[in-house]
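**Q** Next up is a structure, given as structure tokens.
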Amino acid sequence: ACTAGGDCCHSECLGGCSQPEDPRACVACRHLYFQGVCLRACPPGTYQYESWRCVTAELCAHLREVPGLATTFGIYEGSCLAQCPPGFTRNGSR
């Protein structure tokens, strides 16, 4: 992808960018998004959510939280998941 002026975008940009070689200036991310930056992988202490962004463990635990109802989100193998994978059950830990 390139800027309107023809300069190359950062390799993590998809569909163009507003500044050349800047992972914060992408129209969309090729892989993952976290705190305004496009990344190849989630930083340490964060987890992949919905295949396009990274979230903290705290945010994962509170996604779609409804007062009076327990959240169903949990962390498994580096991802924040809405349900436990087949063969696993929720045990109350993160």
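Numbering starts fresh at 1 for the residues of each chain in the structure tokens, the chains themselves are lettered A, B, ... in the order given, and ligands are numbered from 1 as they appear.
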Can you write out as CSV which residues of stretch 41-65 of chain A fall within 9 Å of stretch 71-89 of chain A, alongside each residue's closest atom pair and its distance in Å to one decimal, counting only C-alpha atoms and ordering rows by chain and ascending residue number?

**A**
residue,atom,partner,partner_atom,distance
A:Cys42,CA,A:Gly78,CA,8.6
A:Thr46,CA,A:Gly78,CA,7.8
A:Tyr47,CA,A:Ser79,CA,4.9
A:Gln48,CA,A:Ser79,CA,4.5
A:Tyr49,CA,A:Cys80,CA,5.1
A:Glu50,CA,A:Cys80,CA,7.9
A:Ser51,CA,A:Ser79,CA,8.7
A:Cys54,CA,A:Ser79,CA,8.6
A:Val55,CA,A:Cys80,CA,7.8
A:Thr56,CA,A:Cys80,CA,8.9
A:Ala57,CA,A:Ile75,CA,7.5
A:Cys60,CA,A:Cys80,CA,5.9
A:Ala61,CA,A:Phe73,CA,5.8
A:His62,CA,A:Thr71,CA,6.6
A:Leu63,CA,A:Phe73,CA,6.9
A:Arg64,CA,A:Thr71,CA,7.1
A:Glu65,CA,A:Thr71,CA,5.5

**Q** Point out the residue among A:Glu58, A:Leu39, A:Tyr33, A:Ala4 with the least atom-to-atom distance to A:Gln19, counting only C-alpha atoms.

**A**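 The closest residue to A:Gln19 is A:Ala4.
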
**Q** Would you compute the distance between atom CA of A:Arg53 and atom CA of A:Ser18? Give it in Å to one decimal.

**A**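 We find that atom CA of A:Arg53 and atom CA of A:Ser18 lie 20.3 Å from each other.
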
**Q** Interatomic distance between atom CA of A:Phe34 and atom CA of A:Glu21?

**A**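 Straight-line distance from atom CA of A:Phe34 to atom CA of A:Glu21 works out to 17.1 Å.
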
**Q** DSSP on the backbone, then: every residue of stretch 19-68 of chain A marked alpha helix (DSSP H), written as a PyMOL selection string.

**A** chain A and resi 57-62
